[in-house]
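Undergrad: After the structure tokens below, expect a handful of questions from me.
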Amino acid sequence: MNLENIFNKLWEIYTTQNPDVQKVYNLFKSEGEEVINDHIAFRTLNDKRVNIDVLAKPFLKNGYEYINSYEFRDKHLFAKHYEHKSLKNAPRIFISELILEEFDNDFKSFLINLINRIPENSLNSEDLIFSGNLWGKPSFEKYNALREKSEYAAWFYVFGFCANHFTVSVNHLKKYDTIQKVNELLKNNGFDLNTSGGEVKGTPEELLEQSSIKSGLIEIDFVEGKHKIPGCYYEFAKRYPDATGNLYSGFIAKSADKIFESTDFYQK
Ligand code: NI
């Protein structure tokens with residue numbers, strides 16, 4: 001599968017499952033903006049059958065290369081970022097994984113068992129990256145139990161393999177050329193920002209400013225019946241040139257740490 005098909009498929013699933021995301025995209029388009037993606041992010045477990053290196057395969061095959069890695073100690077996460085070798089506007093790929101060894105045995109074996117339930121041909125498939133939940137209908141009780149230890153794990157249990165978020169490159173917007181202007185537009189149109197760590201994560205001095213909307217609540221069919229939980233979110237990033245005049249291209253771990261919380265459970 002080529003890159004264009006991979007991105008189209010990811011986008012289609014992301015916007016179909018998360019109507020709020022489509023609304024934000026439409027809002028930018030109606031303002032005459034071209035929406036270019038800064039990065040696309042994925043979540044997984046560090047089980048070697050589905051870890052970062054497995055999810056990165058279709059991108060490496062299509063011209064991406066490894067750039068850097070990041071640690072999020074409090075959240076028990078590790079992440080790698082990839083960039084396309086030649087396509088200038090291709091989104092960065094950011095893949096994180098939960099470090100299972102840092103959790104108790106019950107928690108760990110529950111998650112490993114989800115992976116045990118994935119058929120071999122799905123594990124080896126190029127389509128793994130957008131194949132969603134491959135272990136069947138989730139339990140709301142289990143979702144809540146996982147949340148006690150890791151909101152990240154709970155989200156992964158329900159949604160599995162898909163784009164966790166796309167990120168609008170604010171550098172490519174004409175009218176809304178600052179994170180502050182983007183945030184005002186979102187708030188004026190009724191979207192809730194993730195305020196953990198402030199509405200804006202990072203500073204111009206750190207060369208990267210980010211914000212995100214909280215994931216919209218979507219109805220999920222659990223074993224116990226239907227419940228509304230946060231799905232995926234949309235992120236916004238503005239990059240600044242470094243001392244050599246090149247736009248900073250990395251990620252700031254302490255900002256990303258707060259952005260992860262955009263999928264934390266809440267009720268309206
Ligand atoms: Ni992100």
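For the structure tokens, the naming scheme is as follows: chains receive sequential letters (A, B, ...) according to their order of presentation, residues are indexed from 1 within each chain, and ligands are indexed from 1 in presentation order.
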Around ligand 1, out to 7 Å and counting only C-alpha atoms and all ligand atoms, which residues are there? I want them as a PyMOL selection string.
TA: chain A and resi 39-41+165+167+235+256+259
Undergrad: Enumerate, in order of chain and increasing residue number, the residues of segment 90-110 of chain A with an atom no farther than 8 Å from segment 28-38 of chain A, each with its shortest atom pair and distance in Å to one decimal, counting only C-alpha atoms, as a Markdown table.
TA:
```
| residue | atom | partner | partner_atom | distance |
| --- | --- | --- | --- | --- |
| A:Ala90 | CA | A:Asn37 | CA | 7.5 |
| A:Pro91 | CA | A:Asp38 | CA | 5.1 |
| A:Arg92 | CA | A:Asp38 | CA | 6.2 |
```
Undergrad: Quick check, in Å to one decimal: how far apart do atom CA of Thr178 of chain A and atom CA of Ser196 of chain A lie?
TA: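 We find that atom CA of Thr178 of chain A and atom CA of Ser196 of chain A lie 19.4 Å from each other.
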Undergrad: Considering only C-alpha atoms, return as a PyMOL selection string whatever protein or nucleic-acid residues lie within 8 Å of Arg43 of chain A, sequence-local ones (same chain, fewer than 2 positions apart) excluded.
TA: chain A and resi 41+45+95-98+156+160-164
Undergrad: How about saving the chosen residues, N, CA, C and O atoms kept, as a PDB file, in the first residue's frame?
TA:
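What follows is the written file again08.pdb:
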```
ATOM      1  N   ALA A  41      -0.136  10.615  14.993  1.00  0.00           N
ATOM      2  CA  ALA A  41       0.362   9.847  16.141  1.00  0.00           C
ATOM      3  C   ALA A  41      -0.417   8.546  16.341  1.00  0.00           C
ATOM      4  O   ALA A  41      -1.626   8.485  16.094  1.00  0.00           O
ATOM      5  N   LEU A  45       1.470  -1.084  22.367  1.00  0.00           N
ATOM      6  CA  LEU A  45       2.127  -1.694  23.525  1.00  0.00           C
ATOM      7  C   LEU A  45       3.539  -2.099  23.114  1.00  0.00           C
ATOM      8  O   LEU A  45       3.792  -2.306  21.923  1.00  0.00           O
ATOM      9  N   ILE A  95       5.097   7.514  17.031  1.00  0.00           N
ATOM     10  CA  ILE A  95       4.507   6.273  17.556  1.00  0.00           C
ATOM     11  C   ILE A  95       4.990   6.067  18.986  1.00  0.00           C
ATOM     12  O   ILE A  95       6.199   6.075  19.256  1.00  0.00           O
ATOM     13  N   SER A  96       4.039   5.884  19.904  1.00  0.00           N
ATOM     14  CA  SER A  96       4.396   5.633  21.305  1.00  0.00           C
ATOM     15  C   SER A  96       3.980   4.216  21.678  1.00  0.00           C
ATOM     16  O   SER A  96       3.129   3.614  21.018  1.00  0.00           O
ATOM     17  N   GLU A  97       4.607   3.692  22.746  1.00  0.00           N
ATOM     18  CA  GLU A  97       4.239   2.355  23.234  1.00  0.00           C
ATOM     19  C   GLU A  97       4.257   2.352  24.756  1.00  0.00           C
ATOM     20  O   GLU A  97       5.060   3.037  25.396  1.00  0.00           O
ATOM     21  N   LEU A  98       3.334   1.581  25.330  1.00  0.00           N
ATOM     22  CA  LEU A  98       3.257   1.438  26.783  1.00  0.00           C
ATOM     23  C   LEU A  98       4.280   0.389  27.222  1.00  0.00           C
ATOM     24  O   LEU A  98       4.368  -0.684  26.617  1.00  0.00           O
ATOM     25  N   PHE A 156      -6.358   2.492  24.468  1.00  0.00           N
ATOM     26  CA  PHE A 156      -5.878   1.482  23.518  1.00  0.00           C
ATOM     27  C   PHE A 156      -6.774   0.239  23.539  1.00  0.00           C
ATOM     28  O   PHE A 156      -7.067  -0.351  22.491  1.00  0.00           O
ATOM     29  N   GLY A 160      -7.715   0.388  19.921  1.00  0.00           N
ATOM     30  CA  GLY A 160      -6.685  -0.396  19.226  1.00  0.00           C
ATOM     31  C   GLY A 160      -5.870   0.415  18.234  1.00  0.00           C
ATOM     32  O   GLY A 160      -5.451   1.533  18.521  1.00  0.00           O
ATOM     33  N   PHE A 161      -5.687  -0.159  17.045  1.00  0.00           N
ATOM     34  CA  PHE A 161      -4.766   0.412  16.055  1.00  0.00           C
ATOM     35  C   PHE A 161      -5.484   1.379  15.115  1.00  0.00           C
ATOM     36  O   PHE A 161      -6.301   0.966  14.289  1.00  0.00           O
ATOM     37  N   CYS A 162      -5.174   2.654  15.245  1.00  0.00           N
ATOM     38  CA  CYS A 162      -5.725   3.701  14.381  1.00  0.00           C
ATOM     39  C   CYS A 162      -4.936   4.965  14.679  1.00  0.00           C
ATOM     40  O   CYS A 162      -4.117   4.982  15.593  1.00  0.00           O
ATOM     41  N   ALA A 163      -5.199   6.021  13.914  1.00  0.00           N
ATOM     42  CA  ALA A 163      -4.533   7.290  14.227  1.00  0.00           C
ATOM     43  C   ALA A 163      -5.147   7.822  15.518  1.00  0.00           C
ATOM     44  O   ALA A 163      -6.359   8.013  15.604  1.00  0.00           O
ATOM     45  N   ASN A 164      -4.327   8.059  16.526  1.00  0.00           N
ATOM     46  CA  ASN A 164      -4.815   8.640  17.781  1.00  0.00           C
ATOM     47  C   ASN A 164      -5.106  10.124  17.584  1.00  0.00           C
ATOM     48  O   ASN A 164      -6.052  10.670  18.132  1.00  0.00           O
TER      49      ASN A 164
END
```
Undergrad: Show which residues sit within 9 Å of Leu207 of chain A, as an NGL selection string. Count only C-alpha atoms, and ignore same-chain residues fewer than 2 positions away.
TA: :A and (202-205 or 209 or 238-242 or 247-249)
Undergrad: Quick one: residues within 8 Å of segment 77-87 of chain A, only C-alpha atoms, excluding same-chain residues fewer than 4 positions away - as a list in words?
TA: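 The residues satisfying every condition are Ile52, Gly63, Tyr64, Glu65, Tyr66, Ile67, Asn68, Ser69, Tyr70, Glu71, Phe72, Arg73, Pro91, Arg92, Ile93, Phe94, Ile95, Ser96, Glu97, Leu98, Ile99 and Gly250 of chain A.
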Undergrad: So that I can check the surroundings of Phe110 of chain A, please list as a PDB file with all heavy atoms, in the first residue's frame every protein, DNA and RNA residue that reaches within 12 Å of it, counting only C-alpha atoms and ignoring chain neighbours fewer than 6 positions away.
TA:
```pdb
ATOM      1  N   LEU A  45       1.470  -1.084  22.367  1.00  0.00           N
ATOM      2  CA  LEU A  45       2.127  -1.694  23.525  1.00  0.00           C
ATOM      3  C   LEU A  45       3.539  -2.099  23.114  1.00  0.00           C
ATOM      4  O   LEU A  45       3.792  -2.306  21.923  1.00  0.00           O
ATOM      5  CB  LEU A  45       1.368  -2.959  23.967  1.00  0.00           C
ATOM      6  CG  LEU A  45      -0.135  -2.835  24.150  1.00  0.00           C
ATOM      7  CD1 LEU A  45      -0.740  -4.204  24.516  1.00  0.00           C
ATOM      8  CD2 LEU A  45      -0.471  -1.809  25.229  1.00  0.00           C
ATOM      9  N   LEU A 100       5.119  -2.347  29.291  1.00  0.00           N
ATOM     10  CA  LEU A 100       4.332  -3.292  30.097  1.00  0.00           C
ATOM     11  C   LEU A 100       5.060  -3.745  31.364  1.00  0.00           C
ATOM     12  O   LEU A 100       4.425  -3.970  32.389  1.00  0.00           O
ATOM     13  CB  LEU A 100       3.963  -4.511  29.241  1.00  0.00           C
ATOM     14  CG  LEU A 100       3.004  -4.210  28.083  1.00  0.00           C
ATOM     15  CD1 LEU A 100       2.849  -5.430  27.184  1.00  0.00           C
ATOM     16  CD2 LEU A 100       1.649  -3.762  28.603  1.00  0.00           C
ATOM     17  N   PHE A 103       4.302  -2.387  34.942  1.00  0.00           N
ATOM     18  CA  PHE A 103       2.991  -2.565  35.579  1.00  0.00           C
ATOM     19  C   PHE A 103       2.923  -3.914  36.281  1.00  0.00           C
ATOM     20  O   PHE A 103       3.761  -4.786  36.056  1.00  0.00           O
ATOM     21  CB  PHE A 103       1.879  -2.464  34.526  1.00  0.00           C
ATOM     22  CG  PHE A 103       1.723  -1.076  33.957  1.00  0.00           C
ATOM     23  CD1 PHE A 103       2.471  -0.678  32.854  1.00  0.00           C
ATOM     24  CD2 PHE A 103       0.847  -0.164  34.528  1.00  0.00           C
ATOM     25  CE1 PHE A 103       2.344   0.608  32.330  1.00  0.00           C
ATOM     26  CE2 PHE A 103       0.710   1.115  34.016  1.00  0.00           C
ATOM     27  CZ  PHE A 103       1.464   1.509  32.908  1.00  0.00           C
ATOM     28  N   ASP A 104       1.890  -4.073  37.125  1.00  0.00           N
ATOM     29  CA  ASP A 104       1.740  -5.348  37.850  1.00  0.00           C
ATOM     30  C   ASP A 104       1.323  -6.463  36.887  1.00  0.00           C
ATOM     31  O   ASP A 104       0.896  -6.203  35.753  1.00  0.00           O
ATOM     32  CB  ASP A 104       0.733  -5.196  38.992  1.00  0.00           C
ATOM     33  CG  ASP A 104      -0.655  -4.863  38.492  1.00  0.00           C
ATOM     34  OD1 ASP A 104      -1.268  -5.718  37.819  1.00  0.00           O
ATOM     35  OD2 ASP A 104      -1.144  -3.733  38.752  1.00  0.00           O
ATOM     36  N   ASN A 116      -2.636 -11.738  22.163  1.00  0.00           N
ATOM     37  CA  ASN A 116      -2.733 -13.185  21.889  1.00  0.00           C
ATOM     38  C   ASN A 116      -3.965 -13.508  21.056  1.00  0.00           C
ATOM     39  O   ASN A 116      -3.982 -14.499  20.321  1.00  0.00           O
ATOM     40  CB  ASN A 116      -2.814 -13.978  23.194  1.00  0.00           C
ATOM     41  CG  ASN A 116      -1.523 -13.923  23.986  1.00  0.00           C
ATOM     42  OD1 ASN A 116      -0.483 -13.547  23.460  1.00  0.00           O
ATOM     43  ND2 ASN A 116      -1.592 -14.277  25.266  1.00  0.00           N
ATOM     44  N   ARG A 117      -5.004 -12.691  21.195  1.00  0.00           N
ATOM     45  CA  ARG A 117      -6.262 -12.960  20.488  1.00  0.00           C
ATOM     46  C   ARG A 117      -6.249 -12.473  19.033  1.00  0.00           C
ATOM     47  O   ARG A 117      -7.201 -12.724  18.285  1.00  0.00           O
ATOM     48  CB  ARG A 117      -7.432 -12.319  21.251  1.00  0.00           C
ATOM     49  CG  ARG A 117      -7.989 -13.272  22.307  1.00  0.00           C
ATOM     50  CD  ARG A 117      -8.525 -12.591  23.543  1.00  0.00           C
ATOM     51  NE  ARG A 117      -9.636 -11.695  23.323  1.00  0.00           N
ATOM     52  CZ  ARG A 117     -10.154 -10.936  24.315  1.00  0.00           C
ATOM     53  NH1 ARG A 117      -9.660 -11.013  25.544  1.00  0.00           N
ATOM     54  NH2 ARG A 117     -11.148 -10.133  24.072  1.00  0.00           N
ATOM     55  N   TRP A 135      -9.606  -7.442  19.226  1.00  0.00           N
ATOM     56  CA  TRP A 135      -9.846  -8.420  20.297  1.00  0.00           C
ATOM     57  C   TRP A 135     -11.299  -8.451  20.759  1.00  0.00           C
ATOM     58  O   TRP A 135     -11.612  -8.991  21.800  1.00  0.00           O
ATOM     59  CB  TRP A 135      -8.923  -8.161  21.489  1.00  0.00           C
ATOM     60  CG  TRP A 135      -8.676  -6.691  21.723  1.00  0.00           C
ATOM     61  CD1 TRP A 135      -9.451  -5.848  22.466  1.00  0.00           C
ATOM     62  CD2 TRP A 135      -7.601  -5.903  21.190  1.00  0.00           C
ATOM     63  NE1 TRP A 135      -8.924  -4.583  22.421  1.00  0.00           N
ATOM     64  CE2 TRP A 135      -7.786  -4.583  21.646  1.00  0.00           C
ATOM     65  CE3 TRP A 135      -6.511  -6.186  20.361  1.00  0.00           C
ATOM     66  CZ2 TRP A 135      -6.914  -3.543  21.315  1.00  0.00           C
ATOM     67  CZ3 TRP A 135      -5.650  -5.137  20.030  1.00  0.00           C
ATOM     68  CH2 TRP A 135      -5.846  -3.847  20.505  1.00  0.00           C
ATOM     69  N   LYS A 142     -13.894  -3.187  32.623  1.00  0.00           N
ATOM     70  CA  LYS A 142     -12.452  -3.348  32.415  1.00  0.00           C
ATOM     71  C   LYS A 142     -11.805  -2.029  31.970  1.00  0.00           C
ATOM     72  O   LYS A 142     -10.704  -1.676  32.404  1.00  0.00           O
ATOM     73  CB  LYS A 142     -12.223  -4.443  31.353  1.00  0.00           C
ATOM     74  CG  LYS A 142     -10.878  -5.074  31.407  1.00  0.00           C
ATOM     75  CD  LYS A 142     -10.654  -5.860  32.694  1.00  0.00           C
ATOM     76  CE  LYS A 142      -9.196  -5.708  33.128  1.00  0.00           C
ATOM     77  NZ  LYS A 142      -8.871  -6.497  34.334  1.00  0.00           N
ATOM     78  N   TYR A 143     -12.531  -1.308  31.089  1.00  0.00           N
ATOM     79  CA  TYR A 143     -12.046   0.005  30.635  1.00  0.00           C
ATOM     80  C   TYR A 143     -11.780   0.906  31.847  1.00  0.00           C
ATOM     81  O   TYR A 143     -10.722   1.532  31.963  1.00  0.00           O
ATOM     82  CB  TYR A 143     -13.091   0.631  29.700  1.00  0.00           C
ATOM     83  CG  TYR A 143     -12.901   2.104  29.386  1.00  0.00           C
ATOM     84  CD1 TYR A 143     -11.950   2.537  28.466  1.00  0.00           C
ATOM     85  CD2 TYR A 143     -13.688   3.072  30.017  1.00  0.00           C
ATOM     86  CE1 TYR A 143     -11.780   3.881  28.187  1.00  0.00           C
ATOM     87  CE2 TYR A 143     -13.528   4.428  29.743  1.00  0.00           C
ATOM     88  CZ  TYR A 143     -12.575   4.825  28.828  1.00  0.00           C
ATOM     89  OH  TYR A 143     -12.409   6.168  28.555  1.00  0.00           O
ATOM     90  N   ALA A 145     -11.322  -0.041  34.953  1.00  0.00           N
ATOM     91  CA  ALA A 145     -10.259  -0.597  35.798  1.00  0.00           C
ATOM     92  C   ALA A 145      -8.883  -0.230  35.223  1.00  0.00           C
ATOM     93  O   ALA A 145      -7.970   0.141  35.965  1.00  0.00           O
ATOM     94  CB  ALA A 145     -10.411  -2.115  35.892  1.00  0.00           C
ATOM     95  N   LEU A 146      -8.750  -0.309  33.909  1.00  0.00           N
ATOM     96  CA  LEU A 146      -7.468   0.049  33.271  1.00  0.00           C
ATOM     97  C   LEU A 146      -7.138   1.527  33.502  1.00  0.00           C
ATOM     98  O   LEU A 146      -5.999   1.891  33.744  1.00  0.00           O
ATOM     99  CB  LEU A 146      -7.503  -0.240  31.763  1.00  0.00           C
ATOM    100  CG  LEU A 146      -7.523  -1.705  31.338  1.00  0.00           C
ATOM    101  CD1 LEU A 146      -7.715  -1.815  29.820  1.00  0.00           C
ATOM    102  CD2 LEU A 146      -6.237  -2.427  31.734  1.00  0.00           C
ATOM    103  N   ALA A 153      -3.648   3.058  28.382  1.00  0.00           N
ATOM    104  CA  ALA A 153      -3.987   1.643  28.190  1.00  0.00           C
ATOM    105  C   ALA A 153      -5.487   1.471  27.962  1.00  0.00           C
ATOM    106  O   ALA A 153      -5.915   0.676  27.114  1.00  0.00           O
ATOM    107  CB  ALA A 153      -3.534   0.828  29.394  1.00  0.00           C
ATOM    108  N   ALA A 154      -6.288   2.233  28.714  1.00  0.00           N
ATOM    109  CA  ALA A 154      -7.747   2.130  28.592  1.00  0.00           C
ATOM    110  C   ALA A 154      -8.190   2.556  27.190  1.00  0.00           C
ATOM    111  O   ALA A 154      -9.038   1.909  26.563  1.00  0.00           O
ATOM    112  CB  ALA A 154      -8.424   2.992  29.652  1.00  0.00           C
ATOM    113  N   TYR A 157      -7.217  -0.155  24.712  1.00  0.00           N
ATOM    114  CA  TYR A 157      -8.088  -1.332  24.867  1.00  0.00           C
ATOM    115  C   TYR A 157      -9.371  -1.185  24.035  1.00  0.00           C
ATOM    116  O   TYR A 157      -9.827  -2.139  23.414  1.00  0.00           O
ATOM    117  CB  TYR A 157      -8.412  -1.500  26.349  1.00  0.00           C
ATOM    118  CG  TYR A 157      -9.509  -2.481  26.676  1.00  0.00           C
ATOM    119  CD1 TYR A 157      -9.486  -3.787  26.189  1.00  0.00           C
ATOM    120  CD2 TYR A 157     -10.570  -2.105  27.505  1.00  0.00           C
ATOM    121  CE1 TYR A 157     -10.487  -4.693  26.511  1.00  0.00           C
ATOM    122  CE2 TYR A 157     -11.573  -2.999  27.839  1.00  0.00           C
ATOM    123  CZ  TYR A 157     -11.538  -4.288  27.331  1.00  0.00           C
ATOM    124  OH  TYR A 157     -12.535  -5.174  27.643  1.00  0.00           O
TER     125      TYR A 157
END
```
Undergrad: As a ChimeraX atom specification, please: every residue in segment 36-206 of chain A that DSSP puts in strand (DSSP E).
TA: /A:37-45,64-72,77-84,92-98,165-169
Undergrad: Those same residues, written as a JSON list (two decimals), in the first residue's frame with N, CA and C atoms?
TA:
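Saved result, part.json, follows:
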```
[["chain", "number", "residue", "atom", "x", "y", "z"],
["A", 37, "ASN", "N", -0.67, 18.48, 7.54],
["A", 37, "ASN", "CA", -0.43, 17.79, 8.81],
["A", 37, "ASN", "C", 1.03, 17.90, 9.27],
["A", 38, "ASP", "N", 1.20, 18.33, 10.50],
["A", 38, "ASP", "CA", 2.52, 18.38, 11.12],
["A", 38, "ASP", "C", 2.97, 16.96, 11.49],
["A", 39, "HIS", "N", 2.07, 16.23, 12.12],
["A", 39, "HIS", "CA", 2.37, 14.83, 12.43],
["A", 39, "HIS", "C", 1.08, 14.03, 12.65],
["A", 40, "ILE", "N", 1.23, 12.72, 12.57],
["A", 40, "ILE", "CA", 0.15, 11.78, 12.88],
["A", 40, "ILE", "C", 0.69, 10.87, 13.97],
["A", 41, "ALA", "N", -0.14, 10.62, 14.99],
["A", 41, "ALA", "CA", 0.36, 9.85, 16.14],
["A", 41, "ALA", "C", -0.42, 8.55, 16.34],
["A", 42, "PHE", "N", 0.32, 7.53, 16.80],
["A", 42, "PHE", "CA", -0.25, 6.20, 17.04],
["A", 42, "PHE", "C", 0.12, 5.74, 18.44],
["A", 43, "ARG", "N", -0.70, 4.84, 18.99],
["A", 43, "ARG", "CA", -0.43, 4.26, 20.31],
["A", 43, "ARG", "C", -0.38, 2.74, 20.19],
["A", 44, "THR", "N", 0.51, 2.14, 20.97],
["A", 44, "THR", "CA", 0.55, 0.68, 21.00],
["A", 44, "THR", "C", 1.19, 0.21, 22.31],
["A", 45, "LEU", "N", 1.47, -1.08, 22.37],
["A", 45, "LEU", "CA", 2.13, -1.69, 23.53],
["A", 45, "LEU", "C", 3.54, -2.10, 23.11],
["A", 64, "TYR", "N", 10.19, 6.69, 4.81],
["A", 64, "TYR", "CA", 10.42, 7.35, 6.10],
["A", 64, "TYR", "C", 11.70, 6.82, 6.75],
["A", 65, "GLU", "N", 12.27, 7.66, 7.64],
["A", 65, "GLU", "CA", 13.44, 7.21, 8.41],
["A", 65, "GLU", "C", 13.28, 7.63, 9.88],
["A", 66, "TYR", "N", 13.94, 6.88, 10.74],
["A", 66, "TYR", "CA", 13.91, 7.16, 12.18],
["A", 66, "TYR", "C", 14.67, 8.45, 12.46],
["A", 67, "ILE", "N", 14.10, 9.31, 13.31],
["A", 67, "ILE", "CA", 14.76, 10.57, 13.65],
["A", 67, "ILE", "C", 15.17, 10.64, 15.13],
["A", 68, "ASN", "N", 14.22, 10.34, 16.03],
["A", 68, "ASN", "CA", 14.53, 10.55, 17.46],
["A", 68, "ASN", "C", 13.60, 9.72, 18.34],
["A", 69, "SER", "N", 13.98, 9.57, 19.61],
["A", 69, "SER", "CA", 13.11, 8.87, 20.55],
["A", 69, "SER", "C", 12.89, 9.70, 21.81],
["A", 70, "TYR", "N", 11.85, 9.37, 22.55],
["A", 70, "TYR", "CA", 11.43, 10.17, 23.71],
["A", 70, "TYR", "C", 10.94, 9.25, 24.83],
["A", 71, "GLU", "N", 11.15, 9.68, 26.06],
["A", 71, "GLU", "CA", 10.68, 8.92, 27.22],
["A", 71, "GLU", "C", 9.68, 9.73, 28.02],
["A", 72, "PHE", "N", 8.65, 9.05, 28.49],
["A", 72, "PHE", "CA", 7.64, 9.69, 29.34],
["A", 72, "PHE", "C", 7.51, 8.82, 30.59],
["A", 77, "LEU", "N", 5.72, 5.45, 29.17],
["A", 77, "LEU", "CA", 5.67, 5.42, 27.70],
["A", 77, "LEU", "C", 7.04, 5.70, 27.10],
["A", 78, "PHE", "N", 7.21, 5.15, 25.92],
["A", 78, "PHE", "CA", 8.40, 5.40, 25.11],
["A", 78, "PHE", "C", 7.88, 5.72, 23.71],
["A", 79, "ALA", "N", 8.57, 6.60, 22.98],
["A", 79, "ALA", "CA", 8.07, 6.97, 21.65],
["A", 79, "ALA", "C", 9.22, 7.21, 20.67],
["A", 80, "LYS", "N", 8.91, 7.03, 19.39],
["A", 80, "LYS", "CA", 9.88, 7.33, 18.34],
["A", 80, "LYS", "C", 9.21, 8.21, 17.29],
["A", 81, "HIS", "N", 10.00, 9.07, 16.68],
["A", 81, "HIS", "CA", 9.44, 9.88, 15.58],
["A", 81, "HIS", "C", 10.23, 9.65, 14.30],
["A", 82, "TYR", "N", 9.48, 9.66, 13.19],
["A", 82, "TYR", "CA", 10.01, 9.36, 11.86],
["A", 82, "TYR", "C", 9.67, 10.50, 10.92],
["A", 83, "GLU", "N", 10.55, 10.71, 9.94],
["A", 83, "GLU", "CA", 10.27, 11.73, 8.92],
["A", 83, "GLU", "C", 10.54, 11.16, 7.54],
["A", 84, "HIS", "N", 9.82, 11.71, 6.56],
["A", 84, "HIS", "CA", 10.03, 11.27, 5.19],
["A", 84, "HIS", "C", 11.35, 11.85, 4.67],
["A", 92, "ARG", "N", 5.20, 14.17, 9.93],
["A", 92, "ARG", "CA", 6.04, 13.33, 10.79],
["A", 92, "ARG", "C", 5.15, 12.21, 11.32],
["A", 93, "ILE", "N", 5.75, 11.08, 11.63],
["A", 93, "ILE", "CA", 5.02, 9.96, 12.23],
["A", 93, "ILE", "C", 5.54, 9.81, 13.66],
["A", 94, "PHE", "N", 4.63, 9.82, 14.63],
["A", 94, "PHE", "CA", 4.99, 9.74, 16.05],
["A", 94, "PHE", "C", 4.31, 8.50, 16.61],
["A", 95, "ILE", "N", 5.10, 7.51, 17.03],
["A", 95, "ILE", "CA", 4.51, 6.27, 17.56],
["A", 95, "ILE", "C", 4.99, 6.07, 18.99],
["A", 96, "SER", "N", 4.04, 5.88, 19.90],
["A", 96, "SER", "CA", 4.40, 5.63, 21.30],
["A", 96, "SER", "C", 3.98, 4.22, 21.68],
["A", 97, "GLU", "N", 4.61, 3.69, 22.75],
["A", 97, "GLU", "CA", 4.24, 2.35, 23.23],
["A", 97, "GLU", "C", 4.26, 2.35, 24.76],
["A", 98, "LEU", "N", 3.33, 1.58, 25.33],
["A", 98, "LEU", "CA", 3.26, 1.44, 26.78],
["A", 98, "LEU", "C", 4.28, 0.39, 27.22],
["A", 165, "HIS", "N", -4.27, 10.80, 16.82],
["A", 165, "HIS", "CA", -4.56, 12.18, 16.42],
["A", 165, "HIS", "C", -3.77, 12.57, 15.17],
["A", 166, "PHE", "N", -4.36, 13.47, 14.44],
["A", 166, "PHE", "CA", -3.67, 14.20, 13.39],
["A", 166, "PHE", "C", -3.36, 15.57, 13.99],
["A", 167, "THR", "N", -2.38, 16.26, 13.40],
["A", 167, "THR", "CA", -1.99, 17.56, 13.95],
["A", 167, "THR", "C", -1.88, 18.59, 12.83],
["A", 168, "VAL", "N", -2.62, 19.66, 12.95],
["A", 168, "VAL", "CA", -2.58, 20.73, 11.95],
["A", 168, "VAL", "C", -1.29, 21.53, 12.11],
["A", 169, "SER", "N", -0.59, 21.73, 11.01],
["A", 169, "SER", "CA", 0.60, 22.58, 11.03],
["A", 169, "SER", "C", 0.17, 24.04, 10.98]]
```
Undergrad: Separation of atom CA of Asn124 of chain A and atom CA of Asn2 of chain A, in Å?
TA: 17.0 Å
